[in-house]
Amino acid sequence: MSLGEKIGQYRRSLGISQEELGARLGVSRQAVSKWETNAATPDMANLIALAQEFGVSVAELTETPEPSAPPPEPAEIPAPRRRAWLWYLLLALLFAVLIGGLTCVDWYGTLGQSDEPARDPMSDPASDFALTWVRSDDTKPYVELGTQETFFPFGTSLELTEPEEVQDTDFLTVTAHRADCGTVLIEYRHIDEDLELDPEMQEREVIDALSTISHSVATPRGIGPGSSEAALLAAYADELVFCLKEEGDSLVPHDYYYAWSAFVDGYFVILFYMERGQVTGIRMEALGELGDFYAPDNISRFPMKNGEPDFSLREEPEREVLTDTRRVYIAFNQLVTNDNLTAEEQYAYRRDIFAFLPDLDWSELMEMGTAEYPEDTFFALLNWLERQDGYTASEIFHIQWGCTARGLDGACTDAYCELLSHVLFYDPVRFAKNLALEGPSEEEKLQILRHTAYDAEWHPMELEAALETLDDALNGGRFTETEAGWAKLLRLYLTTPIDERNDLPKSPSELS
């Protein structure tokens with residue numbers, strides 16, 4: 001039994017995972033996995049630590065014979081030489097362990113690493129959903145979608161070029177991993193054994209997606225980044241589906257892409273991104289419960305016929321009738337999720353958010369989100385509005401008028417009052433001038449005054465500075481007569497205690 005096999009056997013006898021053993025030793029799970037697959041050998045410090053964890057001697061762990069009794073020391077050997085003799089024994093032990101580990105280095109060389117048991121260098125992937133390395137010899141190192149026989153790096157010598165991203169999932173025994181290995185990006189799940197849930201469940205890892213833009217890898221049919229469109233069509237023929245370019249994130253810039261799907265353990269798909277007649281990138285993934293998501297729909301995805309996309313049954317997509325609320329949601333979603341927007345697109349989406357604030361329905365907006373709690377969508381948009389570096393006069397006006405929109409109540413109203421006071425503190429003069437503009441009725445303008453004053457009193461320092469700015473503008477003649485009336489009314493509401501505001505004038509014309 002190899003050293004790696006013994007480490008794995010002792011670990012399993014303790015009922016702990018590779019991750020837990022690594023935590024006890026202060027090393028990563030990947031290091032433990034490499035030890036157990038004989039891809040790497042623990043140094044002497046880790047060997048001693050392993051032996052202590054397993055409750056055995058280093059000699060027993062490494063299968064090095066341990067003498068029943070130490071040989072008698074010659075009396076004439078001085079103490080310094082006895083210590084040297086012990087060092088020689090220790091070095092010999094370490095050398096034996098290293099030699100044992102080196103004999104397990106497998107056929108992959110710079111691209112491979114042994115499985116447990118070692119993968120046959122002449123074997124082929126079980127399906128078309130794999131990426132193989134292009135090599136001049138007859139070996140075929142590869143990574144493949146689906147459940148793996150071993151752990152990352154899955155029988156290859158792939159190494160991380162960036163720190164691995166690990167996220168918890170809704171299942172306590174499952175973590176999601178994103179491993180960037182340079183030539184290939186691997187997305188996989190680590191599933192711990194749960195003997196209480198399923199006595200037969202074993203610790204394992206499942207690759208859910210593979211992506212690459214490297215010319216050094218290809219699919220089992222020989223198509224990789226850099227392959228021509230003609231070679232792609234020859235390899236997959238009319239099994240491909242022609243797909244129009246869609247908005248959103250993608251692996252690489254492209255003009256269009258091809259999809260190739262098949263049923264393996266559920267539907268799997270390969271996407272070939274095309275630009276100027278060449279494959280620029282490949283992504284393959286397990287679709288899970290989505291089914292054959294890339295089947296032709298004759299709207300954005302079309303079947304192939306005699307090597308050409310068949311547009312004969314093309315249909316126009318149904319055009320969604322966009323409400324003002326939907327426009328705001330789309331604009332907000334694009335601004336916070338799409339990093340590829342041009343400056344013109346960013347301006348247009350920002351304009352839509354502010355312009356439609358007075359006309360949207362906040363209840364409808366909250367139902368459009370995907371968060372667990374609908375209110376999260378409301379607060380996300382309000383936080384975005386409050387975080388903006390600056391506001392134009394028009395944007396301030398639409399935020400003011402937005403407090404009259406449908407669906408504001410309870411905590412949402414309180415949060416919007418905070419936004420109003422934030423905008424007031426940003427530009428008190430413009431805030432007052434906007435109250436004189438046409439659009440909102442006097443009743444709606446009164447609502448703006450009350451909502452703003454409701455929160456402003458909780459920020460005494462900012463409120464004092466805003467009042468000084470208003471006084472300077474009033475004394476300096478910066479307002480028209482109508483604007484001055486609204487500025488004075490605004491100031492009155494800001495300086496009156498909340499329990500006395502019901503008796504205040506409701507318009508500038510009522511000011512004495």
# chains A, B, ... in the order shown; residues from 1 in each chain; ligands from 1

$ residues_around --residues "Ser127 (chain A)" --least-positions-apart "5" --cutoff "9 Å" --atoms "only C-alpha atoms" --output "PDB file with N, CA, C and O atoms, in the first residue's frame"
ATOM      1  N   GLU A 144     -13.349  16.495 -17.730  1.00  0.00           N
ATOM      2  CA  GLU A 144     -14.656  16.169 -18.304  1.00  0.00           C
ATOM      3  C   GLU A 144     -15.772  16.551 -17.342  1.00  0.00           C
ATOM      4  O   GLU A 144     -15.607  16.478 -16.116  1.00  0.00           O
ATOM      5  N   LEU A 145     -16.904  16.989 -17.882  1.00  0.00           N
ATOM      6  CA  LEU A 145     -18.062  17.298 -17.051  1.00  0.00           C
ATOM      7  C   LEU A 145     -18.531  16.052 -16.308  1.00  0.00           C
ATOM      8  O   LEU A 145     -18.363  14.929 -16.777  1.00  0.00           O
ATOM      9  N   PRO A 220     -13.134  16.559 -27.734  1.00  0.00           N
ATOM     10  CA  PRO A 220     -12.701  15.253 -28.246  1.00  0.00           C
ATOM     11  C   PRO A 220     -12.781  15.141 -29.762  1.00  0.00           C
ATOM     12  O   PRO A 220     -12.102  14.293 -30.351  1.00  0.00           O
ATOM     13  N   VAL A 264     -26.741  13.233 -21.437  1.00  0.00           N
ATOM     14  CA  VAL A 264     -25.768  12.345 -20.789  1.00  0.00           C
ATOM     15  C   VAL A 264     -26.361  11.921 -19.439  1.00  0.00           C
ATOM     16  O   VAL A 264     -26.958  10.873 -19.308  1.00  0.00           O
TER      17      VAL A 264
END

$ closest_residue --among "A:Lys245, A:Arg12, A:Arg450, A:Arg326" --to "Tyr416 (chain A)" --atoms "only C-alpha atoms"
A:Arg450

$ atom_distance --atom1 "CA of Thr132 (chain A)" --atom2 "CA of Tyr188 (chain A)"
17.5 Å

$ closest_residue --among "A:Leu210, A:Ala45, A:Val241, A:Val174" --to "Pro296 (chain A)" --atoms "only C-alpha atoms"
A:Val241

$ closest_atom_pairs --of "region 360-420 of chain A" --to "region 336-355 of chain A" --cutoff "9 Å" --atoms "only C-alpha atoms" --output "tab-separated table"
residue	atom	partner	partner_atom	distance
A:Trp384	CA	A:Val336	CA	8.8
A:Leu385	CA	A:Phe354	CA	8.8
A:Ser394	CA	A:Phe354	CA	8.3
A:Glu395	CA	A:Phe354	CA	5.8
A:Ile396	CA	A:Phe354	CA	8.6
A:Phe397	CA	A:Phe354	CA	8.9
A:His398	CA	A:Phe354	CA	5.9
A:Ile399	CA	A:Phe354	CA	6.9
A:Gly402	CA	A:Phe354	CA	8.6

$ select_by_dssp --residues "region 236-380 of chain A" --states "strand (DSSP E or B)" --output "mmCIF file with all heavy atoms, in the first residue's frame"
data_model
loop_
_atom_site.group_PDB
_atom_site.id
_atom_site.type_symbol
_atom_site.label_atom_id
_atom_site.label_comp_id
_atom_site.auth_asym_id
_atom_site.auth_seq_id
_atom_site.Cartn_x
_atom_site.Cartn_y
_atom_site.Cartn_z
ATOM 1 N N VAL A 241 -26.734 24.023 -33.401
ATOM 2 C CA VAL A 241 -27.815 25.007 -33.429
ATOM 3 C C VAL A 241 -27.167 26.380 -33.563
ATOM 4 O O VAL A 241 -26.263 26.724 -32.794
ATOM 5 C CB VAL A 241 -28.671 24.949 -32.144
ATOM 6 C CG1 VAL A 241 -29.698 26.074 -32.131
ATOM 7 C CG2 VAL A 241 -29.362 23.596 -32.038
ATOM 8 N N PHE A 242 -27.597 27.154 -34.540
ATOM 9 C CA PHE A 242 -27.065 28.496 -34.758
ATOM 10 C C PHE A 242 -27.780 29.475 -33.824
ATOM 11 O O PHE A 242 -29.019 29.523 -33.787
ATOM 12 C CB PHE A 242 -27.280 28.917 -36.214
ATOM 13 C CG PHE A 242 -26.802 30.311 -36.521
ATOM 14 C CD1 PHE A 242 -25.485 30.549 -36.854
ATOM 15 C CD2 PHE A 242 -27.679 31.384 -36.470
ATOM 16 C CE1 PHE A 242 -25.031 31.832 -37.143
ATOM 17 C CE2 PHE A 242 -27.253 32.668 -36.753
ATOM 18 C CZ PHE A 242 -25.929 32.893 -37.085
ATOM 19 N N CYS A 243 -27.018 30.246 -33.051
ATOM 20 C CA CYS A 243 -27.592 31.137 -32.037
ATOM 21 C C CYS A 243 -27.164 32.576 -32.284
ATOM 22 O O CYS A 243 -25.960 32.856 -32.448
ATOM 23 C CB CYS A 243 -27.161 30.716 -30.634
ATOM 24 S SG CYS A 243 -27.557 29.004 -30.209
ATOM 25 N N LEU A 244 -28.139 33.466 -32.321
ATOM 26 C CA LEU A 244 -27.831 34.881 -32.460
ATOM 27 C C LEU A 244 -27.178 35.402 -31.191
ATOM 28 O O LEU A 244 -27.421 34.912 -30.086
ATOM 29 C CB LEU A 244 -29.109 35.674 -32.746
ATOM 30 C CG LEU A 244 -29.860 35.336 -34.038
ATOM 31 C CD1 LEU A 244 -31.146 36.156 -34.117
ATOM 32 C CD2 LEU A 244 -28.984 35.611 -35.257
ATOM 33 N N TYR A 256 -21.708 35.622 -33.190
ATOM 34 C CA TYR A 256 -22.789 34.662 -32.972
ATOM 35 C C TYR A 256 -22.144 33.435 -32.357
ATOM 36 O O TYR A 256 -20.907 33.405 -32.145
ATOM 37 C CB TYR A 256 -23.506 34.299 -34.283
ATOM 38 C CG TYR A 256 -22.575 33.870 -35.390
ATOM 39 C CD1 TYR A 256 -22.242 32.529 -35.569
ATOM 40 C CD2 TYR A 256 -22.013 34.804 -36.261
ATOM 41 C CE1 TYR A 256 -21.379 32.127 -36.577
ATOM 42 C CE2 TYR A 256 -21.150 34.424 -37.272
ATOM 43 C CZ TYR A 256 -20.830 33.083 -37.424
ATOM 44 O OH TYR A 256 -19.964 32.693 -38.408
ATOM 45 N N TYR A 257 -22.923 32.425 -32.047
ATOM 46 C CA TYR A 257 -22.325 31.220 -31.493
ATOM 47 C C TYR A 257 -23.146 30.004 -31.905
ATOM 48 O O TYR A 257 -24.297 30.120 -32.342
ATOM 49 C CB TYR A 257 -22.188 31.305 -29.974
ATOM 50 C CG TYR A 257 -23.478 31.421 -29.197
ATOM 51 C CD1 TYR A 257 -24.066 30.297 -28.604
ATOM 52 C CD2 TYR A 257 -24.111 32.643 -29.024
ATOM 53 C CE1 TYR A 257 -25.244 30.398 -27.880
ATOM 54 C CE2 TYR A 257 -25.284 32.762 -28.294
ATOM 55 C CZ TYR A 257 -25.846 31.634 -27.725
ATOM 56 O OH TYR A 257 -27.012 31.738 -27.014
ATOM 57 N N TYR A 258 -22.514 28.823 -31.799
ATOM 58 C CA TYR A 258 -23.179 27.552 -32.071
ATOM 59 C C TYR A 258 -23.337 26.784 -30.762
ATOM 60 O O TYR A 258 -22.476 26.864 -29.871
ATOM 61 C CB TYR A 258 -22.356 26.696 -33.042
ATOM 62 C CG TYR A 258 -22.334 27.196 -34.467
ATOM 63 C CD1 TYR A 258 -21.256 27.923 -34.949
ATOM 64 C CD2 TYR A 258 -23.389 26.924 -35.336
ATOM 65 C CE1 TYR A 258 -21.218 28.374 -36.260
ATOM 66 C CE2 TYR A 258 -23.363 27.361 -36.657
ATOM 67 C CZ TYR A 258 -22.277 28.093 -37.114
ATOM 68 O OH TYR A 258 -22.247 28.537 -38.409
ATOM 69 N N ALA A 259 -24.422 26.039 -30.650
ATOM 70 C CA ALA A 259 -24.658 25.185 -29.484
ATOM 71 C C ALA A 259 -24.780 23.738 -29.931
ATOM 72 O O ALA A 259 -25.366 23.451 -30.980
ATOM 73 C CB ALA A 259 -25.928 25.623 -28.746
ATOM 74 N N TRP A 260 -24.210 22.848 -29.148
ATOM 75 C CA TRP A 260 -24.331 21.413 -29.423
ATOM 76 C C TRP A 260 -24.732 20.734 -28.126
ATOM 77 O O TRP A 260 -24.010 20.780 -27.126
ATOM 78 C CB TRP A 260 -23.017 20.835 -29.936
ATOM 79 C CG TRP A 260 -23.137 19.402 -30.378
ATOM 80 C CD1 TRP A 260 -23.587 18.941 -31.575
ATOM 81 C CD2 TRP A 260 -22.792 18.251 -29.598
ATOM 82 N NE1 TRP A 260 -23.572 17.565 -31.602
ATOM 83 C CE2 TRP A 260 -23.082 17.110 -30.406
ATOM 84 C CE3 TRP A 260 -22.305 18.052 -28.325
ATOM 85 C CZ2 TRP A 260 -22.867 15.818 -29.956
ATOM 86 C CZ3 TRP A 260 -22.100 16.754 -27.870
ATOM 87 C CH2 TRP A 260 -22.378 15.648 -28.692
ATOM 88 N N SER A 261 -25.908 20.114 -28.094
ATOM 89 C CA SER A 261 -26.448 19.513 -26.869
ATOM 90 C C SER A 261 -26.618 18.006 -27.032
ATOM 91 O O SER A 261 -26.818 17.513 -28.151
ATOM 92 C CB SER A 261 -27.815 20.123 -26.508
ATOM 93 O OG SER A 261 -27.740 21.523 -26.367
ATOM 94 N N ALA A 262 -26.527 17.307 -25.936
ATOM 95 C CA ALA A 262 -26.797 15.864 -25.927
ATOM 96 C C ALA A 262 -27.206 15.472 -24.513
ATOM 97 O O ALA A 262 -26.890 16.154 -23.541
ATOM 98 C CB ALA A 262 -25.565 15.075 -26.366
ATOM 99 N N PHE A 263 -27.915 14.351 -24.410
ATOM 100 C CA PHE A 263 -28.359 13.860 -23.115
ATOM 101 C C PHE A 263 -27.308 12.899 -22.584
ATOM 102 O O PHE A 263 -27.008 11.877 -23.195
ATOM 103 C CB PHE A 263 -29.715 13.156 -23.225
ATOM 104 C CG PHE A 263 -30.328 12.829 -21.901
ATOM 105 C CD1 PHE A 263 -31.124 13.763 -21.245
ATOM 106 C CD2 PHE A 263 -30.089 11.607 -21.290
ATOM 107 C CE1 PHE A 263 -31.683 13.475 -20.005
ATOM 108 C CE2 PHE A 263 -30.641 11.312 -20.049
ATOM 109 C CZ PHE A 263 -31.445 12.250 -19.409
ATOM 110 N N TYR A 267 -29.280 16.980 -19.714
ATOM 111 C CA TYR A 267 -28.735 17.590 -20.927
ATOM 112 C C TYR A 267 -27.447 18.342 -20.616
ATOM 113 O O TYR A 267 -27.356 19.083 -19.636
ATOM 114 C CB TYR A 267 -29.751 18.547 -21.552
ATOM 115 C CG TYR A 267 -30.732 17.846 -22.458
ATOM 116 C CD1 TYR A 267 -32.010 17.530 -22.020
ATOM 117 C CD2 TYR A 267 -30.366 17.485 -23.759
ATOM 118 C CE1 TYR A 267 -32.916 16.872 -22.843
ATOM 119 C CE2 TYR A 267 -31.262 16.826 -24.596
ATOM 120 C CZ TYR A 267 -32.532 16.517 -24.132
ATOM 121 O OH TYR A 267 -33.415 15.866 -24.950
ATOM 122 N N PHE A 268 -26.439 18.098 -21.463
ATOM 123 C CA PHE A 268 -25.187 18.837 -21.442
ATOM 124 C C PHE A 268 -25.110 19.641 -22.737
ATOM 125 O O PHE A 268 -25.727 19.267 -23.745
ATOM 126 C CB PHE A 268 -23.977 17.897 -21.362
ATOM 127 C CG PHE A 268 -23.778 17.240 -20.024
ATOM 128 C CD1 PHE A 268 -24.722 17.355 -19.009
ATOM 129 C CD2 PHE A 268 -22.638 16.491 -19.769
ATOM 130 C CE1 PHE A 268 -24.532 16.744 -17.778
ATOM 131 C CE2 PHE A 268 -22.432 15.880 -18.542
ATOM 132 C CZ PHE A 268 -23.390 16.002 -17.542
ATOM 133 N N VAL A 269 -24.343 20.747 -22.730
ATOM 134 C CA VAL A 269 -24.239 21.576 -23.920
ATOM 135 C C VAL A 269 -22.810 22.090 -24.083
ATOM 136 O O VAL A 269 -22.088 22.293 -23.091
ATOM 137 C CB VAL A 269 -25.228 22.767 -23.852
ATOM 138 C CG1 VAL A 269 -24.847 23.737 -22.736
ATOM 139 C CG2 VAL A 269 -25.310 23.493 -25.185
ATOM 140 N N ILE A 270 -22.395 22.270 -25.329
ATOM 141 C CA ILE A 270 -21.134 22.947 -25.656
ATOM 142 C C ILE A 270 -21.487 24.187 -26.472
ATOM 143 O O ILE A 270 -22.255 24.099 -27.437
ATOM 144 C CB ILE A 270 -20.181 22.056 -26.474
ATOM 145 C CG1 ILE A 270 -19.984 20.699 -25.808
ATOM 146 C CG2 ILE A 270 -18.830 22.756 -26.655
ATOM 147 C CD1 ILE A 270 -19.123 19.747 -26.625
ATOM 148 N N LEU A 271 -20.946 25.335 -26.094
ATOM 149 C CA LEU A 271 -21.138 26.578 -26.831
ATOM 150 C C LEU A 271 -19.831 26.953 -27.507
ATOM 151 O O LEU A 271 -18.783 27.031 -26.859
ATOM 152 C CB LEU A 271 -21.585 27.700 -25.885
ATOM 153 C CG LEU A 271 -22.827 27.428 -25.031
ATOM 154 C CD1 LEU A 271 -23.134 28.632 -24.138
ATOM 155 C CD2 LEU A 271 -24.026 27.094 -25.904
ATOM 156 N N PHE A 272 -19.901 27.173 -28.819
ATOM 157 C CA PHE A 272 -18.741 27.599 -29.599
ATOM 158 C C PHE A 272 -18.952 29.061 -30.003
ATOM 159 O O PHE A 272 -19.810 29.355 -30.838
ATOM 160 C CB PHE A 272 -18.575 26.727 -30.851
ATOM 161 C CG PHE A 272 -18.367 25.261 -30.564
ATOM 162 C CD1 PHE A 272 -19.441 24.377 -30.550
ATOM 163 C CD2 PHE A 272 -17.098 24.761 -30.319
ATOM 164 C CE1 PHE A 272 -19.267 23.025 -30.305
ATOM 165 C CE2 PHE A 272 -16.906 23.394 -30.067
ATOM 166 C CZ PHE A 272 -17.984 22.540 -30.061
ATOM 167 N N TYR A 273 -18.195 29.966 -29.413
ATOM 168 C CA TYR A 273 -18.330 31.392 -29.731
ATOM 169 C C TYR A 273 -17.524 31.708 -30.990
ATOM 170 O O TYR A 273 -16.347 31.326 -31.103
ATOM 171 C CB TYR A 273 -17.848 32.237 -28.561
ATOM 172 C CG TYR A 273 -18.723 32.092 -27.339
ATOM 173 C CD1 TYR A 273 -18.403 31.185 -26.333
ATOM 174 C CD2 TYR A 273 -19.883 32.855 -27.200
ATOM 175 C CE1 TYR A 273 -19.227 31.041 -25.216
ATOM 176 C CE2 TYR A 273 -20.704 32.714 -26.088
ATOM 177 C CZ TYR A 273 -20.373 31.810 -25.109
ATOM 178 O OH TYR A 273 -21.184 31.673 -24.013
ATOM 179 N N MET A 274 -18.168 32.425 -31.933
ATOM 180 C CA MET A 274 -17.572 32.644 -33.249
ATOM 181 C C MET A 274 -17.326 34.132 -33.500
ATOM 182 O O MET A 274 -18.176 34.977 -33.198
ATOM 183 C CB MET A 274 -18.503 32.110 -34.346
ATOM 184 C CG MET A 274 -18.929 30.667 -34.185
ATOM 185 S SD MET A 274 -17.545 29.496 -34.218
ATOM 186 C CE MET A 274 -16.852 29.856 -35.845
ATOM 187 N N GLU A 275 -16.175 34.431 -34.052
ATOM 188 C CA GLU A 275 -15.864 35.792 -34.484
ATOM 189 C C GLU A 275 -14.978 35.716 -35.718
ATOM 190 O O GLU A 275 -13.939 35.049 -35.706
ATOM 191 C CB GLU A 275 -15.161 36.584 -33.375
ATOM 192 C CG GLU A 275 -14.977 38.055 -33.718
ATOM 193 C CD GLU A 275 -14.424 38.854 -32.558
ATOM 194 O OE1 GLU A 275 -13.464 38.373 -31.917
ATOM 195 O OE2 GLU A 275 -14.924 39.962 -32.281
ATOM 196 N N GLN A 278 -13.930 32.194 -36.956
ATOM 197 C CA GLN A 278 -13.118 31.322 -36.124
ATOM 198 C C GLN A 278 -13.757 31.127 -34.759
ATOM 199 O O GLN A 278 -14.496 31.988 -34.274
ATOM 200 C CB GLN A 278 -11.708 31.905 -35.923
ATOM 201 C CG GLN A 278 -10.757 31.674 -37.085
ATOM 202 C CD GLN A 278 -9.325 31.991 -36.684
ATOM 203 O OE1 GLN A 278 -9.085 32.863 -35.857
ATOM 204 N NE2 GLN A 278 -8.375 31.291 -37.273
ATOM 205 N N VAL A 279 -13.455 29.980 -34.162
ATOM 206 C CA VAL A 279 -13.872 29.744 -32.785
ATOM 207 C C VAL A 279 -12.966 30.573 -31.880
ATOM 208 O O VAL A 279 -11.745 30.445 -31.933
ATOM 209 C CB VAL A 279 -13.761 28.249 -32.412
ATOM 210 C CG1 VAL A 279 -14.136 28.039 -30.947
ATOM 211 C CG2 VAL A 279 -14.641 27.400 -33.319
ATOM 212 N N THR A 280 -13.559 31.435 -31.047
ATOM 213 C CA THR A 280 -12.761 32.267 -30.142
ATOM 214 C C THR A 280 -12.821 31.776 -28.705
ATOM 215 O O THR A 280 -11.992 32.168 -27.883
ATOM 216 C CB THR A 280 -13.234 33.730 -30.184
ATOM 217 O OG1 THR A 280 -14.635 33.780 -29.879
ATOM 218 C CG2 THR A 280 -13.008 34.328 -31.559
ATOM 219 N N GLY A 281 -13.792 30.960 -28.382
ATOM 220 C CA GLY A 281 -13.894 30.435 -27.027
ATOM 221 C C GLY A 281 -14.885 29.299 -26.971
ATOM 222 O O GLY A 281 -15.756 29.165 -27.845
ATOM 223 N N ILE A 282 -14.760 28.459 -25.951
ATOM 224 C CA ILE A 282 -15.643 27.300 -25.773
ATOM 225 C C ILE A 282 -16.105 27.264 -24.321
ATOM 226 O O ILE A 282 -15.311 27.458 -23.396
ATOM 227 C CB ILE A 282 -14.924 25.982 -26.113
ATOM 228 C CG1 ILE A 282 -14.563 25.935 -27.601
ATOM 229 C CG2 ILE A 282 -15.777 24.776 -25.742
ATOM 230 C CD1 ILE A 282 -13.753 24.709 -27.987
ATOM 231 N N ARG A 283 -17.389 27.038 -24.123
ATOM 232 C CA ARG A 283 -17.926 26.790 -22.791
ATOM 233 C C ARG A 283 -18.834 25.575 -22.865
ATOM 234 O O ARG A 283 -19.658 25.466 -23.774
ATOM 235 C CB ARG A 283 -18.698 27.992 -22.262
ATOM 236 C CG ARG A 283 -19.344 27.732 -20.894
ATOM 237 C CD ARG A 283 -20.003 28.958 -20.313
ATOM 238 N NE ARG A 283 -20.722 28.683 -19.091
ATOM 239 C CZ ARG A 283 -20.183 28.576 -17.888
ATOM 240 N NH1 ARG A 283 -18.871 28.731 -17.746
ATOM 241 N NH2 ARG A 283 -20.911 28.333 -16.818
ATOM 242 N N MET A 284 -18.645 24.671 -21.936
ATOM 243 C CA MET A 284 -19.540 23.517 -21.848
ATOM 244 C C MET A 284 -20.060 23.422 -20.425
ATOM 245 O O MET A 284 -19.343 23.718 -19.473
ATOM 246 C CB MET A 284 -18.835 22.229 -22.280
ATOM 247 C CG MET A 284 -17.513 21.933 -21.624
ATOM 248 S SD MET A 284 -16.729 20.419 -22.283
ATOM 249 C CE MET A 284 -16.430 20.866 -23.992
ATOM 250 N N GLU A 285 -21.339 23.060 -20.282
ATOM 251 C CA GLU A 285 -21.929 23.018 -18.952
ATOM 252 C C GLU A 285 -23.067 22.011 -18.878
ATOM 253 O O GLU A 285 -23.686 21.677 -19.899
ATOM 254 C CB GLU A 285 -22.437 24.393 -18.538
ATOM 255 C CG GLU A 285 -23.480 25.003 -19.456
ATOM 256 C CD GLU A 285 -23.877 26.405 -19.006
ATOM 257 O OE1 GLU A 285 -24.241 26.561 -17.824
ATOM 258 O OE2 GLU A 285 -23.815 27.331 -19.838
ATOM 259 N N ALA A 286 -23.305 21.543 -17.673
ATOM 260 C CA ALA A 286 -24.452 20.686 -17.402
ATOM 261 C C ALA A 286 -25.653 21.588 -17.144
ATOM 262 O O ALA A 286 -25.594 22.480 -16.302
ATOM 263 C CB ALA A 286 -24.171 19.810 -16.189
ATOM 264 N N ARG A 301 -32.604 31.102 -31.968
ATOM 265 C CA ARG A 301 -31.835 29.883 -32.185
ATOM 266 C C ARG A 301 -32.458 29.108 -33.346
ATOM 267 O O ARG A 301 -33.672 28.869 -33.356
ATOM 268 C CB ARG A 301 -31.823 29.026 -30.903
ATOM 269 C CG ARG A 301 -31.243 29.756 -29.697
ATOM 270 C CD ARG A 301 -31.168 28.855 -28.474
ATOM 271 N NE ARG A 301 -32.490 28.420 -28.016
ATOM 272 C CZ ARG A 301 -33.250 29.112 -27.192
ATOM 273 N NH1 ARG A 301 -32.851 30.284 -26.754
ATOM 274 N NH2 ARG A 301 -34.431 28.650 -26.812
ATOM 275 N N PHE A 302 -31.603 28.701 -34.276
ATOM 276 C CA PHE A 302 -32.111 28.128 -35.524
ATOM 277 C C PHE A 302 -31.410 26.813 -35.833
ATOM 278 O O PHE A 302 -30.209 26.655 -35.562
ATOM 279 C CB PHE A 302 -31.895 29.105 -36.686
ATOM 280 C CG PHE A 302 -32.562 30.434 -36.469
ATOM 281 C CD1 PHE A 302 -31.889 31.468 -35.826
ATOM 282 C CD2 PHE A 302 -33.871 30.646 -36.885
ATOM 283 C CE1 PHE A 302 -32.505 32.692 -35.613
ATOM 284 C CE2 PHE A 302 -34.489 31.868 -36.675
ATOM 285 C CZ PHE A 302 -33.812 32.893 -36.030
ATOM 286 N N PRO A 303 -32.143 25.844 -36.417
ATOM 287 C CA PRO A 303 -31.521 24.572 -36.791
ATOM 288 C C PRO A 303 -30.586 24.764 -37.984
ATOM 289 O O PRO A 303 -30.670 25.759 -38.711
ATOM 290 C CB PRO A 303 -32.724 23.695 -37.153
ATOM 291 C CG PRO A 303 -33.775 24.672 -37.615
ATOM 292 C CD PRO A 303 -33.578 25.896 -36.775
ATOM 293 N N MET A 304 -29.699 23.789 -38.163
ATOM 294 C CA MET A 304 -28.793 23.808 -39.305
ATOM 295 C C MET A 304 -29.327 22.853 -40.376
ATOM 296 O O MET A 304 -29.888 21.796 -40.072
ATOM 297 C CB MET A 304 -27.403 23.362 -38.869
ATOM 298 C CG MET A 304 -26.756 24.267 -37.843
ATOM 299 S SD MET A 304 -26.330 25.890 -38.513
ATOM 300 C CE MET A 304 -25.004 25.415 -39.624
ATOM 301 N N LYS A 305 -29.167 23.250 -41.626
ATOM 302 C CA LYS A 305 -29.590 22.426 -42.745
ATOM 303 C C LYS A 305 -28.550 22.538 -43.843
ATOM 304 O O LYS A 305 -28.283 23.621 -44.346
ATOM 305 C CB LYS A 305 -30.958 22.893 -43.259
ATOM 306 C CG LYS A 305 -31.552 22.013 -44.352
ATOM 307 C CD LYS A 305 -32.947 22.504 -44.719
ATOM 308 C CE LYS A 305 -33.591 21.624 -45.786
ATOM 309 N NZ LYS A 305 -34.965 22.084 -46.136
ATOM 310 N N GLU A 308 -25.869 25.162 -43.231
ATOM 311 C CA GLU A 308 -26.259 26.570 -43.161
ATOM 312 C C GLU A 308 -27.420 26.725 -42.179
ATOM 313 O O GLU A 308 -28.259 25.832 -42.049
ATOM 314 C CB GLU A 308 -26.709 27.087 -44.542
ATOM 315 C CG GLU A 308 -25.621 27.089 -45.605
ATOM 316 C CD GLU A 308 -24.606 28.198 -45.371
ATOM 317 O OE1 GLU A 308 -24.943 29.149 -44.629
ATOM 318 O OE2 GLU A 308 -23.494 28.104 -45.921
ATOM 319 N N PRO A 309 -27.489 27.868 -41.488
ATOM 320 C CA PRO A 309 -28.648 28.100 -40.610
ATOM 321 C C PRO A 309 -29.936 28.154 -41.420
ATOM 322 O O PRO A 309 -29.991 28.768 -42.486
ATOM 323 C CB PRO A 309 -28.343 29.464 -39.974
ATOM 324 C CG PRO A 309 -26.879 29.659 -40.135
ATOM 325 C CD PRO A 309 -26.503 28.962 -41.407
ATOM 326 N N ASP A 361 -44.807 52.101 -9.948
ATOM 327 C CA ASP A 361 -45.557 51.489 -8.854
ATOM 328 C C ASP A 361 -44.549 50.679 -8.038
ATOM 329 O O ASP A 361 -44.038 49.662 -8.497
ATOM 330 C CB ASP A 361 -46.654 50.583 -9.416
ATOM 331 C CG ASP A 361 -47.541 49.988 -8.333
ATOM 332 O OD1 ASP A 361 -47.027 49.727 -7.224
ATOM 333 O OD2 ASP A 361 -48.736 49.768 -8.588
#

$ closest_residue --among "A:Ser509, A:Gly182, A:Arg478, A:Glu462" --to "Glu442 (chain A)" --atoms "only C-alpha atoms"
A:Ser509

$ closest_residue --among "A:Lys445, A:His422, A:Arg314, A:Arg276" --to "Pro253 (chain A)" --atoms "only C-alpha atoms"
A:Arg276

$ closest_residue --among "A:Asp472, A:Asp324, A:Glu36, A:Asp376" --to "Glu5 (chain A)" --atoms "only C-alpha atoms"
A:Glu36
